[in-house]
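Shown here: run.txt, compact mmCIF, C-alpha atoms and all ligand atoms.
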```txt
# COMPACT_ATOMS: atom_id res chain seq x y z
CA MET A 1 91.03 11.00 58.60
CA ALA A 2 94.26 12.36 57.17
CA TYR A 3 94.86 12.64 53.43
CA GLN A 4 97.47 14.00 51.01
CA LYS A 5 96.82 17.21 49.11
CA CYS A 6 98.67 19.05 46.35
CA ILE A 7 99.92 22.46 47.52
CA ASN A 8 99.18 23.93 44.08
CA CYS A 9 96.02 22.48 42.48
CA GLY A 10 94.47 20.96 45.60
CA SER A 11 94.18 17.43 44.16
CA GLU A 12 93.69 14.88 46.91
CA TYR A 13 95.29 11.47 47.40
CA GLY A 14 94.63 8.72 49.92
CA ILE A 15 96.84 8.46 52.98
CA ASP A 16 98.15 5.05 51.86
CA GLU A 17 98.81 6.03 48.27
CA ILE A 18 102.50 6.07 47.32
CA VAL A 19 102.74 9.31 45.38
CA TYR A 20 105.57 11.82 45.65
CA PHE A 21 104.39 14.59 43.31
CA CYS A 22 100.88 15.59 42.24
CA ARG A 23 99.87 13.51 39.21
CA LYS A 24 98.02 16.48 37.70
CA CYS A 25 100.40 19.41 38.14
CA GLU A 26 103.60 17.77 39.53
CA ASP A 27 103.76 20.03 42.56
CA LEU A 28 104.51 18.95 46.14
CA LEU A 29 102.03 17.25 48.44
CA GLU A 30 101.25 17.90 52.08
CA ILE A 31 99.29 16.01 54.72
CA LYS A 32 95.95 17.48 55.70
CA TYR A 33 93.64 16.51 58.55
CA ASP A 34 89.98 16.80 59.36
CA GLN A 35 89.98 19.94 61.54
CA GLY A 36 87.23 18.53 63.78
CA GLU A 37 89.27 15.40 64.47
CA LEU A 38 92.34 17.48 65.32
CA ALA A 39 90.32 19.64 67.71
CA GLU A 40 89.03 16.44 69.33
CA ALA A 41 92.60 15.11 69.61
CA LEU A 42 93.64 18.35 71.29
CA ARG A 43 90.81 18.16 73.85
CA ASP A 44 91.94 14.69 74.88
CA ASN A 45 94.41 16.02 77.44
CA GLU A 46 96.30 12.73 77.87
CA TRP A 47 99.03 13.79 75.44
CA ARG A 48 99.99 16.74 77.62
CA ASN A 49 101.20 14.30 80.31
CA ALA A 50 103.55 12.47 77.96
CA PRO A 51 107.23 13.46 77.97
CA LEU A 52 108.44 15.87 75.31
CA SER A 53 109.11 13.80 72.17
CA VAL A 54 107.84 13.39 68.62
CA TRP A 55 105.32 10.76 69.76
CA ARG A 56 103.86 13.00 72.45
CA TYR A 57 102.10 14.46 69.37
CA ARG A 58 100.90 11.05 68.17
CA ASN A 59 97.33 12.43 67.79
CA PHE A 60 98.60 14.97 65.27
CA MET A 61 100.51 12.42 63.16
CA PRO A 62 99.15 10.53 60.11
CA ILE A 63 99.87 7.05 61.48
CA SER A 64 97.03 4.58 61.94
CA ASP A 65 98.66 1.71 63.83
CA SER A 66 100.64 2.65 66.96
CA SER A 67 102.07 -0.88 67.23
CA LYS A 68 104.05 -0.21 64.04
CA ILE A 69 105.90 2.86 65.37
CA VAL A 70 109.66 2.71 64.73
CA SER A 71 111.30 4.87 67.36
CA LEU A 72 114.78 5.53 68.73
CA ASN A 73 113.47 8.10 71.20
CA GLU A 74 113.60 11.19 69.01
CA GLY A 75 112.64 14.76 69.83
CA GLY A 76 112.52 16.23 73.32
CA THR A 77 115.65 18.24 72.57
CA GLY A 78 116.80 21.10 74.77
CA LEU A 79 115.61 24.67 74.32
CA HIS A 80 118.62 26.38 75.79
CA LEU A 81 118.31 29.90 77.15
CA CYS A 82 121.54 31.52 75.96
CA GLN A 83 122.03 34.48 78.29
CA ARG A 84 125.75 34.88 77.71
CA LEU A 85 125.41 34.86 73.94
CA ALA A 86 122.38 37.18 74.07
CA LYS A 87 124.40 39.66 76.15
CA HIS A 88 127.32 39.33 73.77
CA LEU A 89 125.06 40.18 70.81
CA GLY A 90 123.05 42.82 72.66
CA ILE A 91 119.68 41.11 72.32
CA ARG A 92 116.95 40.58 74.92
CA GLN A 93 116.16 36.89 74.84
CA LEU A 94 117.80 34.13 72.83
CA TYR A 95 117.14 30.41 72.87
CA VAL A 96 118.88 27.67 70.94
CA LYS A 97 116.79 24.61 70.06
CA ASN A 98 119.57 22.06 69.84
CA GLU A 99 118.60 19.32 67.44
CA GLY A 100 121.98 17.63 67.74
CA GLU A 101 120.50 16.00 70.85
CA ASN A 102 118.46 13.60 68.68
CA PRO A 103 119.42 9.88 68.49
CA THR A 104 121.54 10.14 65.33
CA GLY A 105 122.54 13.71 66.06
CA SER A 106 120.23 15.75 63.82
CA PHE A 107 116.63 16.91 63.36
CA LYS A 108 116.21 14.36 60.58
CA ASP A 109 115.27 11.74 63.18
CA ARG A 110 111.96 13.55 63.79
CA GLY A 111 111.01 13.00 60.17
CA MET A 112 112.45 9.50 59.88
CA THR A 113 110.57 8.05 62.84
CA VAL A 114 107.32 8.99 61.08
CA GLY A 115 108.55 8.28 57.53
CA VAL A 116 109.92 4.83 58.35
CA THR A 117 106.83 4.00 60.43
CA LYS A 118 104.79 4.85 57.33
CA ALA A 119 107.06 2.60 55.25
CA VAL A 120 106.35 -0.27 57.67
CA GLU A 121 102.60 0.46 57.55
CA LEU A 122 102.74 0.38 53.75
CA GLY A 123 104.58 -2.94 53.87
CA VAL A 124 107.53 -1.80 51.75
CA LYS A 125 110.80 -3.68 52.14
CA SER A 126 113.37 -1.16 50.95
CA VAL A 127 113.96 2.55 51.38
CA ILE A 128 116.22 5.06 49.69
CA CYS A 129 117.33 8.69 49.89
CA ALA A 130 119.82 11.14 48.48
CA SER A 131 121.65 13.08 51.15
CA THR A 132 124.30 15.58 52.11
CA GLY A 133 124.89 13.28 55.11
CA ASN A 134 122.42 13.63 57.95
CA THR A 135 119.41 12.21 56.13
CA SER A 136 121.46 9.18 55.15
CA ALA A 137 122.65 8.64 58.74
CA SER A 138 119.11 8.91 60.07
CA LEU A 139 117.44 6.76 57.43
CA ALA A 140 120.12 4.09 57.82
CA ALA A 141 119.47 3.93 61.58
CA TYR A 142 115.67 3.76 61.36
CA ALA A 143 115.80 1.25 58.51
CA ALA A 144 118.08 -0.93 60.66
CA LYS A 145 115.65 -0.68 63.58
CA ALA A 146 112.74 -1.63 61.29
CA GLY A 147 114.63 -4.39 59.45
CA LEU A 148 114.31 -2.69 56.06
CA GLN A 149 116.87 -2.63 53.26
CA CYS A 150 118.37 0.80 52.86
CA ALA A 151 120.36 2.55 50.13
CA VAL A 152 121.72 6.07 50.34
CA LEU A 153 123.23 8.27 47.63
CA ILE A 154 125.77 10.83 48.79
CA PRO A 155 127.95 13.31 46.90
CA SER A 156 131.40 11.74 46.72
CA GLY A 157 133.95 13.43 49.00
CA LYS A 158 131.50 16.10 50.10
CA ILE A 159 129.96 14.71 53.26
CA ALA A 160 131.32 15.08 56.76
CA TYR A 161 133.13 12.05 58.14
CA GLY A 162 130.87 11.47 61.16
CA LYS A 163 127.82 11.16 58.91
CA LEU A 164 129.56 8.79 56.52
CA SER A 165 130.59 6.58 59.45
CA GLN A 166 126.98 6.45 60.65
CA ALA A 167 125.47 5.40 57.31
CA MET A 168 128.17 2.72 57.00
CA ILE A 169 127.92 1.22 60.49
CA TYR A 170 124.09 1.07 60.38
CA GLY A 171 124.52 -1.18 57.36
CA ALA A 172 123.06 0.91 54.55
CA LYS A 173 124.22 0.39 50.98
CA VAL A 174 126.29 3.58 50.69
CA ILE A 175 126.62 4.85 47.13
CA GLN A 176 129.03 7.73 46.54
CA VAL A 177 127.92 9.67 43.49
CA ARG A 178 130.42 11.59 41.37
CA GLY A 179 128.20 14.65 41.40
CA ASN A 180 126.43 16.91 43.85
CA PHE A 181 123.34 16.46 46.05
CA ASP A 182 120.96 17.92 43.47
CA GLU A 183 122.06 15.37 40.88
CA SER A 184 121.73 12.54 43.41
CA LEU A 185 118.22 13.66 44.36
CA ASP A 186 117.25 13.78 40.72
CA ILE A 187 118.36 10.16 40.33
CA VAL A 188 116.49 8.83 43.39
CA LEU A 189 113.33 10.63 42.26
CA LYS A 190 113.52 8.86 38.88
CA LEU A 191 114.52 5.56 40.49
CA SER A 192 111.63 5.48 42.95
CA GLU A 193 109.14 6.31 40.16
CA LYS A 194 110.57 3.54 37.98
CA HIS A 195 110.96 0.90 40.73
CA ARG A 196 107.80 1.30 42.78
CA THR A 197 108.92 -1.17 45.48
CA ILE A 198 111.63 1.24 46.68
CA TYR A 199 110.16 3.84 49.02
CA LEU A 200 111.65 7.33 48.81
CA LEU A 201 112.36 9.08 52.10
CA ASN A 202 113.69 12.47 51.09
CA SER A 203 111.77 15.44 52.46
CA ILE A 204 109.49 15.64 49.42
CA ASN A 205 107.86 12.71 51.22
CA PRO A 206 105.18 14.55 53.23
CA PHE A 207 105.29 12.02 56.09
CA ARG A 208 108.83 13.22 56.86
CA ILE A 209 107.50 16.77 57.15
CA GLU A 210 104.83 15.61 59.61
CA GLY A 211 107.48 14.28 61.97
CA GLN A 212 109.57 17.42 61.63
CA LYS A 213 106.63 19.69 62.43
CA SER A 214 106.99 18.41 66.01
CA LEU A 215 109.97 20.79 66.26
CA GLY A 216 107.46 23.66 66.14
CA PHE A 217 105.08 21.94 68.58
CA GLU A 218 107.90 21.39 71.08
CA ILE A 219 109.06 25.00 70.98
CA CYS A 220 105.46 26.12 71.76
CA ASP A 221 105.25 23.67 74.65
CA GLN A 222 108.71 24.57 75.99
CA LEU A 223 107.70 28.25 76.00
CA ASN A 224 104.47 27.43 77.88
CA GLN A 225 102.13 27.59 74.89
CA GLU A 226 103.65 30.70 73.44
CA ALA A 227 105.32 31.21 70.10
CA PRO A 228 108.59 33.16 70.03
CA ASP A 229 108.75 36.33 67.93
CA ARG A 230 111.17 34.73 65.50
CA ILE A 231 112.60 31.39 64.43
CA VAL A 232 115.97 31.43 62.68
CA VAL A 233 116.74 28.21 60.83
CA PRO A 234 119.34 26.96 58.33
CA VAL A 235 117.87 26.14 54.92
CA GLY A 236 119.14 23.53 52.49
CA ASN A 237 116.57 21.43 50.66
CA ALA A 238 113.97 23.58 52.49
CA GLY A 239 111.91 20.83 54.13
CA ASN A 240 112.64 21.82 57.71
CA ILE A 241 111.60 25.46 57.60
CA SER A 242 108.36 24.34 55.91
CA ALA A 243 107.79 21.67 58.55
CA ILE A 244 108.40 23.99 61.52
CA TRP A 245 105.96 26.50 60.02
CA LYS A 246 103.36 23.74 59.56
CA GLY A 247 103.71 22.87 63.25
CA PHE A 248 103.20 26.46 64.34
CA THR A 249 100.25 27.07 62.02
CA GLU A 250 98.51 23.87 63.12
CA PHE A 251 98.87 24.81 66.80
CA HIS A 252 97.71 28.31 65.94
CA GLU A 253 94.61 27.09 64.10
CA LEU A 254 93.80 24.89 67.09
CA GLY A 255 94.19 27.85 69.44
CA VAL A 256 97.17 26.39 71.34
CA VAL A 257 99.20 29.52 70.57
CA LYS A 258 97.85 33.02 70.00
CA ALA A 259 100.63 34.34 67.75
CA LEU A 260 102.98 33.06 65.09
CA PRO A 261 106.76 33.53 64.74
CA LYS A 262 108.50 35.22 61.83
CA MET A 263 110.24 32.44 59.92
CA THR A 264 113.77 33.43 59.02
CA GLY A 265 115.73 31.19 56.67
CA ILE A 266 119.51 31.27 56.41
CA GLN A 267 121.49 29.89 53.47
CA ALA A 268 125.20 29.71 52.78
CA ALA A 269 126.27 32.45 50.36
CA GLY A 270 127.42 29.86 47.81
CA ALA A 271 124.09 27.99 47.84
CA ALA A 272 121.35 30.57 48.32
CA PRO A 273 118.62 30.38 45.64
CA ILE A 274 115.79 30.97 48.14
CA VAL A 275 117.43 34.03 49.68
CA GLN A 276 118.00 35.45 46.20
CA ALA A 277 114.35 34.92 45.26
CA ILE A 278 113.10 36.54 48.49
CA LYS A 279 115.47 39.49 48.04
CA ASN A 280 114.47 39.95 44.39
CA GLY A 281 110.78 39.75 45.24
CA SER A 282 110.55 36.84 42.81
CA ASP A 283 107.92 34.10 43.03
CA THR A 284 110.27 31.41 41.88
CA ILE A 285 113.89 30.37 42.41
CA VAL A 286 116.78 30.24 39.98
CA PRO A 287 118.75 27.09 40.90
CA VAL A 288 122.47 27.47 41.64
CA ALA A 289 124.33 25.15 39.26
CA ALA A 290 127.47 24.59 41.32
CA PRO A 291 126.68 25.22 45.00
CA GLU A 292 129.68 25.51 47.32
CA THR A 293 130.09 26.00 51.08
CA VAL A 294 132.02 24.65 54.06
CA ALA A 295 128.58 23.79 55.51
CA THR A 296 128.26 20.65 53.38
CA ALA A 297 124.86 19.79 54.89
CA ILE A 298 123.29 22.75 53.08
CA ARG A 299 125.37 22.60 49.90
CA ILE A 300 122.23 22.49 47.76
CA GLY A 301 121.50 24.49 44.61
CA ALA A 302 117.95 23.39 43.75
CA PRO A 303 115.97 22.97 46.99
CA VAL A 304 113.03 20.70 46.26
CA SER A 305 110.72 22.32 48.85
CA TRP A 306 111.50 25.91 47.82
CA LYS A 307 107.85 26.75 47.27
CA LYS A 308 106.75 25.60 50.73
CA ALA A 309 109.69 27.48 52.28
CA MET A 310 108.88 30.71 50.46
CA THR A 311 105.26 30.44 51.56
CA ALA A 312 106.42 30.01 55.18
CA ILE A 313 108.71 33.05 54.98
CA LYS A 314 106.15 35.26 53.25
CA GLU A 315 103.08 34.24 55.27
CA SER A 316 104.95 34.75 58.54
CA HIS A 317 106.39 38.14 57.47
CA GLY A 318 109.83 36.64 57.99
CA THR A 319 112.94 37.05 55.92
CA ALA A 320 115.93 35.23 54.46
CA GLU A 321 119.64 36.00 54.52
CA THR A 322 122.96 34.61 53.34
CA VAL A 323 126.07 34.03 55.43
CA THR A 324 129.64 33.46 54.28
CA ASP A 325 131.73 30.44 55.25
CA GLU A 326 133.84 32.72 57.44
CA GLU A 327 130.75 33.98 59.29
CA ILE A 328 129.51 30.40 59.75
CA LEU A 329 132.77 29.15 61.25
CA SER A 330 133.12 32.15 63.51
CA ALA A 331 129.54 31.66 64.79
CA GLN A 332 130.22 27.96 65.36
CA LYS A 333 133.23 28.78 67.52
CA MET A 334 131.36 31.50 69.40
CA LEU A 335 128.41 29.24 70.26
CA ALA A 336 130.76 26.53 71.51
CA ARG A 337 132.86 28.91 73.59
CA VAL A 338 130.14 31.13 75.01
CA GLU A 339 127.34 28.58 75.53
CA GLY A 340 129.02 25.16 75.52
CA LEU A 341 127.02 24.04 72.49
CA PHE A 342 129.01 22.27 69.76
CA VAL A 343 127.05 22.23 66.51
CA GLU A 344 128.05 21.43 62.95
CA PRO A 345 128.81 24.28 60.51
CA ALA A 346 125.41 24.22 58.73
CA SER A 347 123.70 24.54 62.12
CA ALA A 348 125.84 27.51 63.08
CA SER A 349 124.52 29.36 60.04
CA SER A 350 121.41 30.19 62.09
CA ILE A 351 123.62 31.96 64.65
CA ALA A 352 125.66 33.64 61.90
CA GLY A 353 122.42 34.80 60.25
CA LEU A 354 121.10 36.14 63.54
CA ILE A 355 124.28 38.16 64.07
CA LYS A 356 124.06 39.64 60.57
CA LEU A 357 120.35 40.49 60.81
CA VAL A 358 120.73 42.11 64.23
CA ASP A 359 123.70 44.13 62.99
CA ASN A 360 121.86 45.41 59.91
CA GLY A 361 118.75 46.27 61.93
CA THR A 362 116.39 43.70 60.34
CA ILE A 363 115.94 41.89 63.67
CA ASP A 364 114.87 44.02 66.61
CA ARG A 365 117.06 43.59 69.71
CA ASP A 366 113.90 43.28 71.80
CA GLU A 367 112.59 40.19 70.05
CA ARG A 368 112.31 36.78 71.67
CA ILE A 369 114.33 34.63 69.28
CA VAL A 370 114.81 30.89 68.80
CA CYS A 371 117.73 29.77 66.65
CA VAL A 372 117.51 26.16 65.53
CA THR A 373 120.83 24.32 65.49
CA THR A 374 120.15 21.33 63.30
CA GLY A 375 123.04 18.89 63.79
CA HIS A 376 125.71 17.89 66.32
CA GLY A 377 129.25 19.24 66.06
CA LEU A 378 130.75 15.74 66.19
CA LYS A 379 129.22 15.09 62.77
CA ASP A 380 132.09 17.08 61.30
CA PRO A 381 135.15 16.77 63.54
CA ASP A 382 137.59 17.61 60.72
CA THR A 383 136.29 21.16 60.32
CA ALA A 384 136.34 21.72 64.09
CA VAL A 385 139.92 20.51 64.41
CA LYS A 386 141.04 22.54 61.38
CA MET A 387 139.69 25.81 62.73
CA SER A 388 140.84 25.47 66.36
CA GLU A 389 144.22 26.09 67.99
CA LYS A 390 146.49 23.06 67.77
CA PRO A 391 146.94 21.09 71.01
CA VAL A 392 150.42 21.37 72.55
CA GLU A 393 152.44 18.21 73.07
CA VAL A 394 154.78 17.82 76.04
CA ASP A 395 156.72 15.16 77.92
CA ALA A 396 154.92 13.42 80.79
CA GLU A 397 156.43 15.67 83.45
CA LEU A 398 154.83 18.01 85.96
CA ALA A 399 157.28 20.80 85.12
CA ALA A 400 156.37 20.66 81.44
CA ILE A 401 152.65 21.07 82.19
CA GLU A 402 153.41 23.92 84.60
CA GLU A 403 155.33 25.66 81.89
CA VAL A 404 152.52 25.29 79.34
CA LEU A 405 149.97 26.59 81.86
CA GLY A 406 152.20 29.52 82.80
CA LEU A 407 152.44 28.43 86.44
CA LYS A 408 155.51 29.56 88.36
CA LYS A 409 157.50 26.83 90.06
CA GLN A 410 156.52 26.72 93.75
CA VAL A 411 159.56 26.86 96.02
CA THR A 412 158.72 25.49 99.42
CA ILE A 413 161.07 26.29 102.30
CA LEU A 414 160.64 23.76 105.01
CA ALA A 415 161.00 25.01 108.62
CA ARG A 416 163.66 23.18 110.58
N1 LIG B 501 121.12 21.58 58.82
C1 LIG B 501 121.63 20.35 58.70
C2 LIG B 501 122.62 19.90 59.71
C3 LIG B 501 121.20 19.51 57.66
O1 LIG B 501 121.69 18.29 57.56
C4 LIG B 501 120.26 20.01 56.72
C5 LIG B 501 119.82 19.20 55.59
C6 LIG B 501 119.77 21.31 56.90
C7 LIG B 501 120.23 22.06 57.95
C8 LIG B 501 118.77 21.90 55.98
O2 LIG B 501 117.51 21.34 56.17
O3 LIG B 501 117.14 20.52 53.86
O4 LIG B 501 115.26 20.68 55.49
O5 LIG B 501 116.29 22.73 54.55
N2 LIG B 501 120.35 18.10 55.26
C9 LIG B 501 119.83 17.20 54.22
C10 LIG B 501 120.56 15.88 54.28
C11 LIG B 501 119.71 17.81 52.90
O6 LIG B 501 120.62 15.20 53.25
O7 LIG B 501 121.03 15.51 55.33
P1 LIG B 501 116.48 21.32 54.95
```

Translate the structure of the given file into structure tokens.
Ligand code: F0G
Amino acid sequence: MAYQKCINCGSEYGIDEIVYFCRKCEDLLEIKYDQGELAEALRDNEWRNAPLSVWRYRNFMPISDSSKIVSLNEGGTGLHLCQRLAKHLGIRQLYVKNEGENPTGSFKDRGMTVGVTKAVELGVKSVICASTGNTSASLAAYAAKAGLQCAVLIPSGKIAYGKLSQAMIYGAKVIQVRGNFDESLDIVLKLSEKHRTIYLLNSINPFRIEGQKSLGFEICDQLNQEAPDRIVVPVGNAGNISAIWKGFTEFHELGVVKALPKMTGIQAAGAAPIVQAIKNGSDTIVPVAAPETVATAIRIGAPVSWKKAMTAIKESHGTAETVTDEEILSAQKMLARVEGLFVEPASASSIAGLIKLVDNGTIDRDERIVCVTTGHGLKDPDTAVKMSEKPVEVDAELAAIEEVLGLKKQVTILAR
């Protein structure tokens, strides 16, 4: 039987209790399982025949009633072997786990399928989140599928257009807050404590993390039950890096994989409290009051899951690094042009971080590396258009196209 447990004081809560922070010490909660039951679930080999997806790992998820599952077919994303990029960067083996292939175009769908299923199990009627964009798009979609009321708080003018269009078309109540993500999160935390009928689905909700841990499970399965040497992942509110680590450690404890990857978190230079804490050898973060970056998805100054993320980085002997906006945009372009993968700026920070850490010798060129790209490039078309060469415009004439393409006019001499 699964239960909720405080990561600090160990207090336990029932699986159906709606509680976001420990009532004794106010720290985060995580889902724990009876180890014997998990081992039993692993022995039941049925799941290995199911296609790659979040629900392939149904036995490792804290959901009691399968008939309540709310799914849009999430997970099962490609693990792309990037030989051209690896050669370009002078590294041995590089994969990109491309989470933009999820139903709403980001890894958030892994968490939402489980989180919204839990909401349905609990019988709640309305859900809410604060978001830099992708969480709102995902929650809006899953709430629509489940017939739940949905409200999302987003920082006004600071979310990419694709994400805004998603939250709107799925019918969520979209509330633009004159403030940043951290302020919006603070409000939804207070709101969901005050109005207990509104279920909070930010990543402090441990059921979200359970869904997202499938990202780690899938990488193990796609590498034939092996862990890579290193995972490089963008970090914002810090739920995802914690979730991926949970997936790897659970598979490791069950003996599915023999080794564990070094978790490597990348933050934008203007929003990097976790990187600063890791670099300073500090046990706690100093929030950034006014975070700023072109990668709006990770424009976060006070990541709520910082403690879980720092545990993941430290326990795995990983590291953390910052990247500038310039480095992010250049990596985004490189990934698109060398590997045909179009990801949003925040996602490209994993590639930018890899480049920096290989260059400064932190990452060994011989490692087997997986970079996670978290969201689809079409989420933020404005940035892509702004940073690319302008299209040329010509008259609808063959000669005009030939001129643009630098083709010489063909002169054909007909034989008489
Ligand atoms: N990449 C993308 C594309 C994201 O949307 C996010 C987070 C992250 C990385 C960072 O993941 O927060 O788990 O560390 N986006 C959230 C949102 C905050 O509201 O969509 P994290």

- Item | Contacts of ligand LIG 501 (chain B), 6 Å or closer, all atoms listed in the file, given as JSON, numbers by chain | {"A": [131, 132, 133, 134, 135, 234, 235, 236, 237, 238, 239, 240, 297, 298, 346, 347, 374, 375]}

#### Entry: Counting all atoms listed in the file, the option among A:Val152, A:Leu201, A:Leu89, A:Ile159 closest to Lys356 of chain A
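Among A:Val152, A:Leu201, A:Leu89, A:Ile159, it is A:Leu89 that comes nearest to Lys356 of chain A.
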
Query - For Gly255 of chain A, the nearest of the candidates A:Val338, A:Ile313, A:Val372, A:Cys220, counting only C-alpha atoms - result: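 Checking each of A:Val338, A:Ile313, A:Val372, A:Cys220 against Gly255 of chain A, counting only C-alpha atoms, the winner is A:Cys220.
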
Using Å and a single decimal, report how far atom CA of Lys246 of chain A sits from atom CA of Ala41 of chain A.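 Separation of atom CA of Ala41 of chain A and atom CA of Lys246 of chain A: 17.1 Å.
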
Expressed in Å, the length from atom CA of Ala130 of chain A to atom CA of Ala348 of chain A is 22.7 Å

Under the rule of at most 8 Å, produce a per-residue listing of segment 130-191 of chain A near segment 105-121 of chain A: chain, number, name, the closest pair of atoms, and the distance in Å, as CSV, using all atoms listed in the file.
```
residue,atom,partner,partner_atom,distance
A:Asn134,CA,A:Ser106,CA,6.6
A:Thr135,CA,A:Lys108,CA,5.9
A:Ser138,CA,A:Asp109,CA,5.7
A:Leu139,CA,A:Met112,CA,6.2
A:Tyr142,CA,A:Val116,CA,6.6
A:Ala143,CA,A:Val116,CA,6.9
A:Ala146,CA,A:Val120,CA,7.5
```

Checklist entry - Pick from A:Ala320, A:Ala86, A:Leu94, A:Cys25: nearest to Pro228 of chain A, with all atoms listed in the file counted? => result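 Once distances to Pro228 of chain A are computed over all atoms listed in the file, the minimum belongs to A:Leu94.
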
Hey, which of A:Gly76, A:Gly36, A:Pro287, A:Gly171 ends up closest to Glu253 of chain A? Count only C-alpha atoms.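 Ranked by minimum distance to Glu253 of chain A, first place goes to A:Gly36.
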